[in-house]
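Q: I have a structure I would like to understand better, so I am pasting it below and will then ask my questions one at a time.
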Amino acid sequence: MRIYNTLNKKIEEFVPYNKNEVTLYTCGPTVYHYAHIGNLRTYIFEDILEKGLEYIGYNVKRCMNITDVGHMSSDADSGEDKMIKGAKREHKTVYEIADFYTKAFFNDADKLNIRRPKIIKKASEQIDMYIQMIEKLLKEDYAYIANGNVYFDISKAQDYYKLSGKNPDELIIGAREDVELDKYKRNPFDFGLWFTVSKYENQDMRWDSPWGVGYPGWHIECSGISIKYLGEHLDIHCGGVDNIFPHHTNEIAQSEAYLGHKWCNYWLHGEHLNDATGKMSKSKGEFLTVSLLENKGYNALAYRFFCLQSHYRNQLVFSYDALDIASNAYNKLLNKIKNIKDNLFGDIDKDIVFKYQNKFKEAIENDLNTSLMLTCLYDILKENVNNNTKLEIIKSFDTVLSLDLLEDKVNEISADLVKYIEEKIEERKIAKQNKDYEKADKIRKELEDKNIIIKDTREGTIYEVK
């Protein structure tokens, strides 16, 4: 397998530490709000990676954290803890916020067929590990105490900017809005390992430590959890490109200082999902969630299909028009496969199966090329071979694609979809009463684009989902 390694800025052959098992760490959600579909694009890519590695023969041991404490609203360890921000917004405790949005995240992940990692750990439950790491970093002079807080000294890190490729001169105070001068730090880019009540007095989650009552910084959490559960040598670390600096940069600095050797060999990063105005976020425009897409009549797996059409390292622009195109293609794909299932004949041709499985493996090994994986799927649909053989190959591919290709869901209608259709029919009825026929036609076309066919009868408007 060949993958693009952010650490070395090139595509490299993947060679795990242990040929029998791949260790994979993926940064989990900060559970202060719903995940938007841009966040979830990264988890889809990581899901494909895990399943793809298994498809080509590796055993994968994957770990993911749940960030329920310590993640600041600024990447400079300044501003408010995101969890506190969420608690204030909803007038709940941090624990209530964490519990609610953790469940919401996994509910969305389930809808997108994103498999839950074998190891999932809450950041708030690993305090002893962080304290152990910080004590050693202090002892070996990689960290220091200032104003009651513990900071990592980036000047002690070897080649601190190797992952990001950033120029330190471009990161001076004033050049970046997210960096604020902290008079207690030796260097403005030194980062917090432990915050005490001297800085954040309103945090619900606080623990005793050798440096006072407080809580860990965001960066130490991922390092501590990964080292504790996956060992001192990590094969692959994943996340979004916005994690490269400073989060993953800081993880490398503190982990290698703590361990005394290289920690992770391969760093994989998924690109942004953008909207028409740029990078998608929770703070601007319509907050795009899986539930919102479902309320608008889309199948969540149509969004997964939309993501798989693009390479994980390419920026992807979201629009409802683009999702409509993907949704139509996905529904047509399901209909073609349903037709195959309804007309099975012939013995399974093992040679053809082997041929296509190898083509699919080549797509996986080509830096996780999901568009080529889909091409393999469409190729077998056109292949002059019996339907039992086709179905066997489709079943094999879907262990990675996870698009529910063999599920009979084409004609199922969810309650959310029924509500959406009925609202659109009522909206169209009002438009016709107001003689706004252009709007009425537009609504009909909008429904048709989602494979919903409406028909006006004496008894009213009826519909059919194709």
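To be explicit about the labels: the chains of the structure tokens are called A, B, and onward in the order shown, and within each one the residues are counted from 1, while ligands get numbers from 1 in the order they are shown.
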I want to know what sits within 12 Å of Leu138 of chain A, based on only C-alpha atoms, with residues of the same chain fewer than 6 positions away left out; could you give that as a short mmCIF file (atom, residue, chain, number, x, y, z; two decimals) with C-alpha atoms, in the first residue's frame?
A:
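Output (part.cif):
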```cif
data_model
loop_
_atom_site.label_atom_id
_atom_site.label_comp_id
_atom_site.auth_asym_id
_atom_site.auth_seq_id
_atom_site.Cartn_x
_atom_site.Cartn_y
_atom_site.Cartn_z
CA ILE A 131 0.02 13.48 34.98
CA GLN A 132 2.57 10.71 34.48
CA TYR A 144 8.00 24.42 32.86
CA ILE A 145 5.56 25.90 35.36
CA ALA A 146 4.41 29.52 35.00
CA ASN A 149 0.10 26.32 34.69
CA VAL A 150 2.39 23.79 33.02
CA TYR A 151 3.64 24.57 29.51
CA PHE A 152 5.68 22.62 26.98
CA ASP A 153 8.77 24.50 25.81
CA LYS A 156 13.35 21.94 23.34
CA LEU A 193 -0.08 20.68 29.34
CA TRP A 194 -2.05 21.40 32.51
CA PRO A 210 1.08 18.03 41.67
CA TRP A 211 0.61 21.55 40.24
CA GLN A 254 5.42 16.05 23.63
CA ALA A 257 10.09 14.10 24.30
CA TYR A 258 8.30 11.71 26.67
#
```
Q: When you look at Asp324 of chain A with a cut-off of 10 Å (counting only C-alpha atoms), what residues show up, excluding the ones that are within fewer than 5 positions of it in the same chain? I need them as a ChimeraX atom specification.
A: /A:298,302-303,306,319,329-330,446,449-451
Q: Keeping only C-alpha atoms, take the residues you just selected and write them out as a PDB file, in the first residue's frame.
A:
```
ATOM      1  CA  TYR A 298     -31.754  12.991   1.708  1.00  0.00           C
ATOM      2  CA  ALA A 302     -26.106   9.558  -0.251  1.00  0.00           C
ATOM      3  CA  TYR A 303     -23.791  11.989   1.552  1.00  0.00           C
ATOM      4  CA  PHE A 306     -20.944  12.064  -2.341  1.00  0.00           C
ATOM      5  CA  SER A 319     -23.908  22.346  -2.438  1.00  0.00           C
ATOM      6  CA  ALA A 329     -26.605   8.472  -8.842  1.00  0.00           C
ATOM      7  CA  TYR A 330     -26.729   6.566  -5.554  1.00  0.00           C
ATOM      8  CA  GLU A 446     -36.948  19.710  -6.676  1.00  0.00           C
ATOM      9  CA  ASP A 449     -34.429  15.474  -8.456  1.00  0.00           C
ATOM     10  CA  LYS A 450     -34.815  13.415  -5.292  1.00  0.00           C
ATOM     11  CA  ASN A 451     -36.663  10.666  -7.210  1.00  0.00           C
TER      12      ASN A 451
END
```
Q: For Ser155 of chain A, list every protein, DNA or RNA residue within 9 Å, evaluated using only C-alpha atoms, and leave out those in the same chain fewer than 4 positions away; present the list as a JSON list (two decimals) with C-alpha atoms, in the first residue's frame.
A:
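Output contents, as saved in selection-v7.json:
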```
[["chain", "number", "residue", "atom", "x", "y", "z"],
["A", 142, "TYR", "CA", 10.87, 19.86, 28.31],
["A", 160, "TYR", "CA", 9.15, 21.28, 15.86],
["A", 187, "ASN", "CA", 7.54, 31.54, 23.86],
["A", 190, "ASP", "CA", 4.56, 27.09, 24.00]]
```
Q: Would you list, as an MDAnalysis selection string, the residues of segment 83-322 of chain A that end up in alpha helix (DSSP H) under DSSP run on this structure's backbone?
A: chainID A and resid 83:90 94:111 127:139 218:230 249:259 290:295 300:308 320:322
Q: Please determine, counting only C-alpha atoms, which residue among A:Gly52, A:Gly278, A:Gly214, A:Pro117 has the shortest atom-to-atom distance to Asp398 of chain A.
A: A:Gly52
Q: Would you give me, as a VMD selection string, the residues in segment 83-262 of chain A that DSSP reads as strand (DSSP E or B)?
A: chain A and resid 119 to 122 143 to 146 149 to 152 173 176 191 to 196 207 214 to 216 234 to 240
Q: Pull N, CA and C atoms from the residues just selected and write them as a PDB file, in the first residue's frame.
A:
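Output (part03.pdb):
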```
ATOM      1  N   ILE A 119     -11.345   0.755  20.330  1.00  0.00           N
ATOM      2  CA  ILE A 119     -10.981   1.421  21.585  1.00  0.00           C
ATOM      3  C   ILE A 119     -11.447   2.869  21.515  1.00  0.00           C
ATOM      4  N   ILE A 120     -12.355   3.242  22.389  1.00  0.00           N
ATOM      5  CA  ILE A 120     -12.847   4.625  22.484  1.00  0.00           C
ATOM      6  C   ILE A 120     -12.688   5.064  23.933  1.00  0.00           C
ATOM      7  N   LYS A 121     -11.960   6.154  24.148  1.00  0.00           N
ATOM      8  CA  LYS A 121     -11.684   6.598  25.509  1.00  0.00           C
ATOM      9  C   LYS A 121     -12.011   8.078  25.672  1.00  0.00           C
ATOM     10  N   LYS A 122     -12.708   8.384  26.759  1.00  0.00           N
ATOM     11  CA  LYS A 122     -12.980   9.773  27.105  1.00  0.00           C
ATOM     12  C   LYS A 122     -11.710  10.409  27.668  1.00  0.00           C
ATOM     13  N   ALA A 143       9.349  20.865  29.887  1.00  0.00           N
ATOM     14  CA  ALA A 143       8.196  21.654  30.300  1.00  0.00           C
ATOM     15  C   ALA A 143       8.577  22.525  31.493  1.00  0.00           C
ATOM     16  N   TYR A 144       7.744  23.508  31.748  1.00  0.00           N
ATOM     17  CA  TYR A 144       8.001  24.420  32.864  1.00  0.00           C
ATOM     18  C   TYR A 144       6.672  24.893  33.440  1.00  0.00           C
ATOM     19  N   ILE A 145       6.740  25.398  34.671  1.00  0.00           N
ATOM     20  CA  ILE A 145       5.559  25.904  35.358  1.00  0.00           C
ATOM     21  C   ILE A 145       5.601  27.426  35.364  1.00  0.00           C
ATOM     22  N   ALA A 146       4.505  28.056  34.999  1.00  0.00           N
ATOM     23  CA  ALA A 146       4.409  29.518  35.001  1.00  0.00           C
ATOM     24  C   ALA A 146       3.009  29.918  35.420  1.00  0.00           C
ATOM     25  N   ASN A 149       0.388  27.196  35.828  1.00  0.00           N
ATOM     26  CA  ASN A 149       0.100  26.320  34.692  1.00  0.00           C
ATOM     27  C   ASN A 149       1.379  25.670  34.194  1.00  0.00           C
ATOM     28  N   VAL A 150       1.235  24.506  33.552  1.00  0.00           N
ATOM     29  CA  VAL A 150       2.390  23.789  33.020  1.00  0.00           C
ATOM     30  C   VAL A 150       2.390  23.926  31.501  1.00  0.00           C
ATOM     31  N   TYR A 151       3.515  24.369  30.941  1.00  0.00           N
ATOM     32  CA  TYR A 151       3.641  24.569  29.505  1.00  0.00           C
ATOM     33  C   TYR A 151       4.776  23.716  28.931  1.00  0.00           C
ATOM     34  N   PHE A 152       4.603  23.292  27.701  1.00  0.00           N
ATOM     35  CA  PHE A 152       5.681  22.615  26.976  1.00  0.00           C
ATOM     36  C   PHE A 152       6.522  23.672  26.271  1.00  0.00           C
ATOM     37  N   ILE A 173       3.439  36.998  16.633  1.00  0.00           N
ATOM     38  CA  ILE A 173       2.240  37.619  17.175  1.00  0.00           C
ATOM     39  C   ILE A 173       1.843  38.796  16.286  1.00  0.00           C
ATOM     40  N   ARG A 176      -1.180  36.371  13.113  1.00  0.00           N
ATOM     41  CA  ARG A 176      -2.302  35.433  13.187  1.00  0.00           C
ATOM     42  C   ARG A 176      -3.264  35.895  14.259  1.00  0.00           C
ATOM     43  N   PHE A 191       2.824  25.507  24.560  1.00  0.00           N
ATOM     44  CA  PHE A 191       1.424  25.111  24.713  1.00  0.00           C
ATOM     45  C   PHE A 191       1.160  24.486  26.081  1.00  0.00           C
ATOM     46  N   GLY A 192      -0.086  24.586  26.510  1.00  0.00           N
ATOM     47  CA  GLY A 192      -0.468  24.136  27.840  1.00  0.00           C
ATOM     48  C   GLY A 192      -0.576  22.632  27.955  1.00  0.00           C
ATOM     49  N   LEU A 193       0.040  22.093  28.995  1.00  0.00           N
ATOM     50  CA  LEU A 193      -0.083  20.680  29.340  1.00  0.00           C
ATOM     51  C   LEU A 193      -1.082  20.482  30.478  1.00  0.00           C
ATOM     52  N   TRP A 194      -1.118  21.476  31.384  1.00  0.00           N
ATOM     53  CA  TRP A 194      -2.048  21.404  32.511  1.00  0.00           C
ATOM     54  C   TRP A 194      -2.425  22.830  32.908  1.00  0.00           C
ATOM     55  N   PHE A 195      -3.723  23.062  33.010  1.00  0.00           N
ATOM     56  CA  PHE A 195      -4.236  24.370  33.416  1.00  0.00           C
ATOM     57  C   PHE A 195      -4.797  24.266  34.832  1.00  0.00           C
ATOM     58  N   THR A 196      -4.433  25.232  35.694  1.00  0.00           N
ATOM     59  CA  THR A 196      -4.936  25.216  37.058  1.00  0.00           C
ATOM     60  C   THR A 196      -6.020  26.269  37.230  1.00  0.00           C
ATOM     61  N   TRP A 207      -9.324  18.244  38.575  1.00  0.00           N
ATOM     62  CA  TRP A 207      -8.703  17.143  39.297  1.00  0.00           C
ATOM     63  C   TRP A 207      -7.487  17.650  40.077  1.00  0.00           C
ATOM     64  N   GLY A 214      -6.869  21.404  38.662  1.00  0.00           N
ATOM     65  CA  GLY A 214      -7.053  21.919  37.311  1.00  0.00           C
ATOM     66  C   GLY A 214      -7.407  20.816  36.344  1.00  0.00           C
ATOM     67  N   TYR A 215      -7.039  21.001  35.086  1.00  0.00           N
ATOM     68  CA  TYR A 215      -7.384  19.991  34.079  1.00  0.00           C
ATOM     69  C   TYR A 215      -6.374  20.018  32.942  1.00  0.00           C
ATOM     70  N   PRO A 216      -6.302  18.943  32.150  1.00  0.00           N
ATOM     71  CA  PRO A 216      -5.268  18.825  31.118  1.00  0.00           C
ATOM     72  C   PRO A 216      -5.558  19.679  29.894  1.00  0.00           C
ATOM     73  N   LEU A 234       3.528   4.024  17.047  1.00  0.00           N
ATOM     74  CA  LEU A 234       2.237   4.135  16.363  1.00  0.00           C
ATOM     75  C   LEU A 234       2.454   4.108  14.854  1.00  0.00           C
ATOM     76  N   ASP A 235       1.631   3.313  14.153  1.00  0.00           N
ATOM     77  CA  ASP A 235       1.770   3.232  12.691  1.00  0.00           C
ATOM     78  C   ASP A 235       1.184   4.449  11.996  1.00  0.00           C
ATOM     79  N   ILE A 236      -0.107   4.717  12.243  1.00  0.00           N
ATOM     80  CA  ILE A 236      -0.811   5.776  11.502  1.00  0.00           C
ATOM     81  C   ILE A 236      -1.592   6.652  12.474  1.00  0.00           C
ATOM     82  N   HIS A 237      -1.474   7.955  12.262  1.00  0.00           N
ATOM     83  CA  HIS A 237      -2.283   8.928  13.004  1.00  0.00           C
ATOM     84  C   HIS A 237      -3.061   9.738  11.973  1.00  0.00           C
ATOM     85  N   CYS A 238      -4.377   9.871  12.186  1.00  0.00           N
ATOM     86  CA  CYS A 238      -5.235  10.565  11.216  1.00  0.00           C
ATOM     87  C   CYS A 238      -5.923  11.768  11.845  1.00  0.00           C
ATOM     88  N   GLY A 239      -6.427  12.608  10.974  1.00  0.00           N
ATOM     89  CA  GLY A 239      -7.246  13.747  11.380  1.00  0.00           C
ATOM     90  C   GLY A 239      -7.499  14.631  10.181  1.00  0.00           C
ATOM     91  N   GLY A 240      -8.161  15.755  10.420  1.00  0.00           N
ATOM     92  CA  GLY A 240      -8.368  16.735   9.363  1.00  0.00           C
ATOM     93  C   GLY A 240      -7.134  17.606   9.200  1.00  0.00           C
TER      94      GLY A 240
END
```
Q: How far is it from atom CA of Ser371 of chain A to atom CA of Ile325 of chain A, in Å with one decimal?
A: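 Atom CA of Ser371 of chain A sits 15.4 Å away from atom CA of Ile325 of chain A.
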Q: Excluding Ile84 of chain A and any residue of its chain fewer than 2 positions from it, enumerate the residues within 12 Å of it, using only C-alpha atoms, and give them as a PyMOL selection string.
A: chain A and resi 30-33+68-73+79-82+86-98+200-205
Q: Just the number, please: distance in Å from atom CA of Asp408 of chain A to atom CA of Leu333 of chain A, one decimal.
A: 12.3 Å
Q: Using only C-alpha atoms, which residues sit within 9 Å of Asn65 of chain A once same-chain residues fewer than 5 positions away are excluded, as a ChimeraX atom specification?
A: /A:25-29,119-123,221-222,225-226
Q: Next, the residues of the selection above should be written as a CSV table (one decimal), in the first residue's frame with N, CA and C atoms.
A:
```
chain,number,residue,atom,x,y,z
A,25,TYR,N,-4.5,5.6,15.1
A,25,TYR,CA,-5.2,6.5,16.1
A,25,TYR,C,-5.8,7.6,15.3
A,26,THR,N,-7.1,7.9,15.6
A,26,THR,CA,-7.8,8.9,14.9
A,26,THR,C,-8.4,9.9,16.0
A,27,CYS,N,-8.2,11.2,15.8
A,27,CYS,CA,-8.7,12.2,16.7
A,27,CYS,C,-10.2,12.2,16.7
A,28,GLY,N,-10.7,12.1,17.9
A,28,GLY,CA,-12.2,12.1,18.0
A,28,GLY,C,-12.8,13.4,18.1
A,29,PRO,N,-14.1,13.5,18.3
A,29,PRO,CA,-14.9,14.8,18.4
A,29,PRO,C,-14.7,15.5,19.7
A,119,ILE,N,-11.3,0.8,20.3
A,119,ILE,CA,-11.0,1.4,21.6
A,119,ILE,C,-11.4,2.9,21.5
A,120,ILE,N,-12.4,3.2,22.4
A,120,ILE,CA,-12.8,4.6,22.5
A,120,ILE,C,-12.7,5.1,23.9
A,121,LYS,N,-12.0,6.2,24.1
A,121,LYS,CA,-11.7,6.6,25.5
A,121,LYS,C,-12.0,8.1,25.7
A,122,LYS,N,-12.7,8.4,26.8
A,122,LYS,CA,-13.0,9.8,27.1
A,122,LYS,C,-11.7,10.4,27.7
A,123,ALA,N,-11.4,11.6,27.2
A,123,ALA,CA,-10.2,12.3,27.7
A,123,ALA,C,-10.3,12.5,29.2
A,221,GLU,N,-3.9,15.0,25.7
A,221,GLU,CA,-4.9,13.9,25.8
A,221,GLU,C,-4.7,12.9,24.7
A,222,CYS,N,-4.6,13.4,23.5
A,222,CYS,CA,-4.4,12.4,22.4
A,222,CYS,C,-3.1,11.6,22.5
A,225,ILE,N,-3.6,9.0,25.5
A,225,ILE,CA,-4.5,7.9,25.2
A,225,ILE,C,-3.9,7.0,24.1
A,226,SER,N,-3.2,7.5,23.1
A,226,SER,CA,-2.6,6.7,22.1
A,226,SER,C,-1.5,5.9,22.7
```
Q: Applying 6 Å and only C-alpha atoms, which residues near segment 242-252 of chain A remain after dropping the ones on its own chain fewer than 2 positions away? List them as a PyMOL selection string.
A: chain A and resi 164+219+223+240+254-256
Q: Please produce a file of those selected residues containing N, CA and C atoms, as a short mmCIF file (atom, residue, chain, number, x, y, z; two decimals), in the first residue's frame.
A:
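Result went into part_29.cif, see below:
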```
data_model
loop_
_atom_site.label_atom_id
_atom_site.label_comp_id
_atom_site.auth_asym_id
_atom_site.auth_seq_id
_atom_site.Cartn_x
_atom_site.Cartn_y
_atom_site.Cartn_z
N SER A 164 4.17 20.37 9.95
CA SER A 164 3.41 21.45 9.31
C SER A 164 4.15 22.11 8.16
N HIS A 219 -3.90 18.87 23.80
CA HIS A 219 -2.89 18.11 23.05
C HIS A 219 -2.39 16.89 23.81
N SER A 223 -2.01 12.27 22.93
CA SER A 223 -0.75 11.55 23.13
C SER A 223 -0.89 10.50 24.21
N GLY A 240 -8.16 15.76 10.42
CA GLY A 240 -8.37 16.73 9.36
C GLY A 240 -7.13 17.61 9.20
N GLN A 254 5.51 16.56 22.26
CA GLN A 254 5.42 16.05 23.63
C GLN A 254 5.60 14.54 23.69
N SER A 255 5.09 13.82 22.69
CA SER A 255 5.19 12.36 22.70
C SER A 255 6.63 11.90 22.54
N GLU A 256 7.34 12.51 21.60
CA GLU A 256 8.72 12.10 21.36
C GLU A 256 9.64 12.55 22.49
#
```
Q: For segment 361-370 of chain A, work out the shell of residues within 10 Å, counting only C-alpha atoms and skipping chain neighbours fewer than 4 positions away, then give it as a PDB file with C-alpha atoms, in the first residue's frame.
A:
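Result file follows (result.pdb):
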```
ATOM      1  CA  MET A   1       0.000   0.000   0.000  1.00  0.00           C
ATOM      2  CA  ARG A   2       1.195   3.506  -0.837  1.00  0.00           C
ATOM      3  CA  ILE A   3      -0.110   6.492   1.096  1.00  0.00           C
ATOM      4  CA  TYR A   4       0.614  10.203   1.278  1.00  0.00           C
ATOM      5  CA  ASN A   5       2.556  10.913   4.466  1.00  0.00           C
ATOM      6  CA  ILE A  11       3.538   9.242  -1.180  1.00  0.00           C
ATOM      7  CA  GLU A  12       5.346   6.380   0.532  1.00  0.00           C
ATOM      8  CA  GLU A  13       5.079   2.623   0.798  1.00  0.00           C
ATOM      9  CA  PHE A  14       3.291   1.706   4.001  1.00  0.00           C
ATOM     10  CA  PHE A  45     -12.230   8.820   5.195  1.00  0.00           C
ATOM     11  CA  ILE A  48     -12.597   3.710   4.647  1.00  0.00           C
ATOM     12  CA  LEU A  49      -8.928   3.568   5.682  1.00  0.00           C
ATOM     13  CA  LYS A  51     -11.818  -1.131   6.380  1.00  0.00           C
ATOM     14  CA  GLY A  52      -9.499  -0.817   3.383  1.00  0.00           C
ATOM     15  CA  LEU A  53      -6.492  -1.959   5.425  1.00  0.00           C
ATOM     16  CA  TYR A  55      -9.570  -5.713   2.985  1.00  0.00           C
ATOM     17  CA  ILE A  56      -5.961  -5.994   1.818  1.00  0.00           C
ATOM     18  CA  GLY A  57      -5.110  -8.296   4.707  1.00  0.00           C
ATOM     19  CA  LEU A 268      -2.758  11.061   7.085  1.00  0.00           C
ATOM     20  CA  PHE A 305     -21.481   8.358  -1.553  1.00  0.00           C
ATOM     21  CA  CYS A 307     -17.760  12.043  -0.251  1.00  0.00           C
ATOM     22  CA  LEU A 308     -16.424   8.827  -1.791  1.00  0.00           C
ATOM     23  CA  GLN A 309     -16.559  10.343  -5.265  1.00  0.00           C
ATOM     24  CA  SER A 310     -13.682  12.633  -4.288  1.00  0.00           C
ATOM     25  CA  HIS A 311     -10.203  11.775  -2.988  1.00  0.00           C
ATOM     26  CA  TYR A 312      -9.766  12.399   0.741  1.00  0.00           C
ATOM     27  CA  ARG A 313      -6.821  14.759   0.057  1.00  0.00           C
ATOM     28  CA  TYR A 356     -12.221  -7.700  -9.429  1.00  0.00           C
ATOM     29  CA  GLN A 357     -11.120  -8.072  -5.840  1.00  0.00           C
ATOM     30  CA  LEU A 374     -16.453   3.189  -7.217  1.00  0.00           C
ATOM     31  CA  THR A 375     -15.203   2.710 -10.787  1.00  0.00           C
ATOM     32  CA  CYS A 376     -14.550  -0.953  -9.950  1.00  0.00           C
ATOM     33  CA  PHE A 397     -16.742  -4.259  -2.195  1.00  0.00           C
ATOM     34  CA  VAL A 400     -15.260  -1.220   2.543  1.00  0.00           C
ATOM     35  CA  LEU A 401     -17.642   1.184   0.778  1.00  0.00           C
TER      36      LEU A 401
END
```
Q: Tell me which of A:Tyr101, A:Phe106, A:Tyr229, A:Tyr320 sits closest to Arg62 of chain A, counting only C-alpha atoms.
A: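 Looking only at the distances to Arg62 of chain A, the closest residue turns out to be A:Tyr229.
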Q: Pick the closest to Lys336 of chain A from A:Ile348, A:Val317, A:Leu391, A:Leu288: which is it, counting only C-alpha atoms?
A: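 Of all the options, A:Leu391 lies closest to Lys336 of chain A.
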